[in-house]
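Worksheet: the structure to be examined is printed underneath.
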Amino acid sequence: MKKSSLPDPFEKARLESGLGKMNDQDDPVTMLLRHKDVRKTAHNWKTFQSGAEPGRIVVPSEVNIRDTRQIPFEVDPPEHKDYRAIVEPWFRRPLQPEYEAKLTEIITNSVNEAIKTGTLEVVNSFSLPLQSRALTLLLNTPFSESETWISWGTHVFRSEGEALDGDKANILYNYIEEQIEEAIKNPSENLYSKLLDSEFNGRKLNKEEVKGIMILTFAGGRDTVINTITNSIAYLAEHPESLKRLQKEPEIINNAVEELVRYFSPLTHMGRVVTEDTHVCEHAAKANTRVSLCWASANRDEKVFENPNEIILDRKVNPHVGFGFSHHNCLGATHARQIMRILLKTLSEKIQSIEILDYKENIENLDEFKRKVGYDSIQVKFNTKTV
């Protein structure tokens, strides 16, 4: 098996029952594994809510490390629509030509640095810095702030060897609170000031609401983007023909981005809390229990995707749920897609081949399932094109 492969650990359970079970800090989760069930449940917010106790819909649960509600992620309709209307135009800025040009410069510089270095560890020395530097554009904050964010590591709520780390989470919370206070004293054109000046139901957003939006912005697109970048580089290392094809057929890059997100599914699943006794996959689900929408399993559903365990760069029909589904689809998807489009284009133009020298896989423990989500580290060498 190739080093870049991500096996599907859910196949047997998906075909047999459509369900998986895992215990999460004594708050069990029923995992929904089929594409149809995942999408149907994601759409049914009345029975399967996001607006439960803050942190409970996340797997692993974050109820013990935060009480701030992430907005609009942990809010249900109709309030969800009003909150989302405030932030959605801001998160669509990556489509603007000026934004795209600045993002291209950041990614090009990152690739050039990697080429100059030659051999590097991708996760912490390439993907993390690139994600953090790109985030300065999304927040419209000084580029220098990225150095602070890089120092936090690949996950803002986790440390090596720990599922959750409350002390580390407090670093992010304190940082955001300081930035909010600074924006109150000295308003600017960044996202903090934009939010503080926004209205919800006829009033200004309060500091706790702004904090909730900012926590989501920092946490939601961090390790997911890092995993997607890292896994894509590993794939291109073992499939040099794909690197060549992207250069010769740049028109397939958009399809390639969607296919890589489908295959790698950087976020395995996301929870919902059941509001009333119901059934999922013909099995009873009691009120106040948790289910999870297993995006990673749905994205390999053989009833939906032809050859689901293969990366088909120009896959035409691709209803993946790598960015979620329905009203809670990922706010940062536009930004993430632009990063990947520009990165694939830049790599295909500048890199002849990539060699994997050493690696350590990142294996997620989901009780009955063990899923590779990417790498804790991967050492590679970039070989540039000769003129």
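Following the order of the structure tokens, chains are lettered A, B, ..., residues in each are numbered from 1, and ligands are numbered from 1.
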Per DSSP on the backbone, filter stretch 150-268 of chain A down to the residues in strand (DSSP E) and report them as a PDB file with all heavy atoms, in the first residue's frame.
```
ATOM      1  N   GLU A 199     -24.621  44.035  13.511  1.00  0.00           N
ATOM      2  CA  GLU A 199     -25.848  43.954  14.293  1.00  0.00           C
ATOM      3  C   GLU A 199     -26.512  42.600  14.135  1.00  0.00           C
ATOM      4  O   GLU A 199     -26.483  41.991  13.066  1.00  0.00           O
ATOM      5  CB  GLU A 199     -26.838  45.050  13.876  1.00  0.00           C
ATOM      6  CG  GLU A 199     -26.407  46.455  14.261  1.00  0.00           C
ATOM      7  CD  GLU A 199     -27.523  47.471  14.107  1.00  0.00           C
ATOM      8  OE1 GLU A 199     -28.615  47.078  13.628  1.00  0.00           O
ATOM      9  OE2 GLU A 199     -27.320  48.641  14.462  1.00  0.00           O
ATOM     10  N   PHE A 200     -27.098  42.132  15.233  1.00  0.00           N
ATOM     11  CA  PHE A 200     -27.867  40.896  15.244  1.00  0.00           C
ATOM     12  C   PHE A 200     -29.191  41.181  15.939  1.00  0.00           C
ATOM     13  O   PHE A 200     -29.208  41.613  17.090  1.00  0.00           O
ATOM     14  CB  PHE A 200     -27.103  39.799  15.991  1.00  0.00           C
ATOM     15  CG  PHE A 200     -27.887  38.531  16.192  1.00  0.00           C
ATOM     16  CD1 PHE A 200     -28.066  37.641  15.140  1.00  0.00           C
ATOM     17  CD2 PHE A 200     -28.455  38.230  17.419  1.00  0.00           C
ATOM     18  CE1 PHE A 200     -28.794  36.478  15.308  1.00  0.00           C
ATOM     19  CE2 PHE A 200     -29.174  37.069  17.600  1.00  0.00           C
ATOM     20  CZ  PHE A 200     -29.345  36.188  16.544  1.00  0.00           C
ATOM     21  N   ARG A 203     -29.424  44.764  17.447  1.00  0.00           N
ATOM     22  CA  ARG A 203     -28.442  45.183  18.451  1.00  0.00           C
ATOM     23  C   ARG A 203     -27.045  44.810  17.969  1.00  0.00           C
ATOM     24  O   ARG A 203     -26.874  43.984  17.082  1.00  0.00           O
ATOM     25  CB  ARG A 203     -28.708  44.508  19.802  1.00  0.00           C
ATOM     26  CG  ARG A 203     -28.637  42.987  19.722  1.00  0.00           C
ATOM     27  CD  ARG A 203     -28.605  42.343  21.102  1.00  0.00           C
ATOM     28  NE  ARG A 203     -28.594  40.886  21.018  1.00  0.00           N
ATOM     29  CZ  ARG A 203     -27.516  40.151  20.755  1.00  0.00           C
ATOM     30  NH1 ARG A 203     -26.340  40.743  20.575  1.00  0.00           N
ATOM     31  NH2 ARG A 203     -27.588  38.826  20.696  1.00  0.00           N
ATOM     32  N   LYS A 204     -26.037  45.428  18.569  1.00  0.00           N
ATOM     33  CA  LYS A 204     -24.658  45.102  18.234  1.00  0.00           C
ATOM     34  C   LYS A 204     -24.304  43.720  18.800  1.00  0.00           C
ATOM     35  O   LYS A 204     -24.798  43.323  19.860  1.00  0.00           O
ATOM     36  CB  LYS A 204     -23.700  46.139  18.829  1.00  0.00           C
ATOM     37  CG  LYS A 204     -23.861  47.538  18.249  1.00  0.00           C
ATOM     38  CD  LYS A 204     -23.253  47.633  16.858  1.00  0.00           C
ATOM     39  CE  LYS A 204     -23.239  49.075  16.381  1.00  0.00           C
ATOM     40  NZ  LYS A 204     -22.699  49.205  15.019  1.00  0.00           N
TER      41      LYS A 204
END
```
Fill in: Contact residues around A:Gln247 with only C-alpha atoms at 12 Å, ignoring same-chain residues under 6 positions, as an NGL selection string
:A and (240-241 or 253 or 343-352)
Discussion item. Could you go through stretch 16-96 of chain A and tell me which residues DSSP, when run on the backbone, assigns to alpha helix (DSSP H), listing them as a PyMOL selection string?
Written reply: chain A and resi 16+35-43+79-91
Store the residues picked out above in a file with C-alpha atoms, as an mmCIF file, in the first residue's frame.
```cif
data_model
loop_
_atom_site.group_PDB
_atom_site.id
_atom_site.type_symbol
_atom_site.label_atom_id
_atom_site.label_comp_id
_atom_site.auth_asym_id
_atom_site.auth_seq_id
_atom_site.Cartn_x
_atom_site.Cartn_y
_atom_site.Cartn_z
ATOM 1 C CA GLU A 16 -23.780 -4.117 7.203
ATOM 2 C CA HIS A 35 -23.985 9.154 2.563
ATOM 3 C CA LYS A 36 -27.794 9.322 2.447
ATOM 4 C CA ASP A 37 -28.205 9.130 6.225
ATOM 5 C CA VAL A 38 -25.478 11.696 6.857
ATOM 6 C CA ARG A 39 -27.042 14.254 4.512
ATOM 7 C CA LYS A 40 -30.598 13.591 5.720
ATOM 8 C CA THR A 41 -29.587 13.995 9.361
ATOM 9 C CA ALA A 42 -27.509 17.113 8.675
ATOM 10 C CA HIS A 43 -30.581 18.712 7.126
ATOM 11 C CA GLU A 79 -30.926 32.346 14.508
ATOM 12 C CA HIS A 80 -28.267 30.481 12.555
ATOM 13 C CA LYS A 81 -29.336 32.166 9.316
ATOM 14 C CA ASP A 82 -29.112 35.640 10.875
ATOM 15 C CA TYR A 83 -25.666 35.018 12.363
ATOM 16 C CA ARG A 84 -24.410 33.500 9.143
ATOM 17 C CA ALA A 85 -25.677 36.466 7.129
ATOM 18 C CA ILE A 86 -23.331 38.683 9.171
ATOM 19 C CA VAL A 87 -20.162 36.718 8.428
ATOM 20 C CA GLU A 88 -20.791 35.017 5.085
ATOM 21 C CA PRO A 89 -19.906 38.009 2.857
ATOM 22 C CA TRP A 90 -16.584 38.350 4.703
ATOM 23 C CA PHE A 91 -15.769 34.666 4.191
#
```
Worksheet, complete the sentence: A:Ile215 proximity check over A:Glu355, A:Val380, A:Val156, A:Phe143, using only C-alpha atoms: winner is A:Val156
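If you look at atom CA of A:Thr217 and atom CA of A:Thr47, they are 26.4 Å away from each other.
Among A:Thr136, A:Phe73, A:Ser242, A:Glu306, the residue with the shortest atom-to-atom distance to A:Lys102, counting only C-alpha atoms, is A:Thr136.
Nearest residue to A:Thr228 among A:Met1, A:Leu195, A:Val373, A:Val29 is A:Val373, counting only C-alpha atoms.
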Worksheet item: Excluding same-chain residues fewer than 5 positions from stretch 286-291 of chain A, what lies within 12 Å of it counting only C-alpha atoms, as a ChimeraX atom specification?
Response: /A:19-24,26-33,37-38,41-42,46-50,52-53,56-61,269-281
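Of note, atom CA of A:Leu357 and atom CA of A:Gln379 are spaced 5.3 Å apart.
Of the listed residues (A:Arg371, A:His328, A:Arg69, A:Lys207), A:Lys207 comes nearest to A:Glu177; the distances count only C-alpha atoms.
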Discussion item. With distances taken over only C-alpha atoms, which residue among A:Ile65, A:Leu216, A:Leu15, A:Leu6 lies nearest A:Ile176?
Written reply: A:Leu216
Practice prompt. Using only C-alpha atoms, determine which residues lie at most 8 Å from A:Asn299, disregarding the query and same-chain residues fewer than 6 positions distant; provide the list as a PyMOL selection string.
Written response: chain A and resi 35+262-263+265+305+308+320-322
Discussion item. I'd like the neighbourhood of A:Ile229 as JSON, numbers by chain, where a residue qualifies if any of its atoms comes within 10 Å (using only C-alpha atoms), though same-chain residues fewer than 6 positions away should be ignored.
Written reply: {"A": [122, 123, 126, 127, 128, 130, 131, 223, 235, 260, 261, 266, 336, 339, 340, 343, 344, 374]}
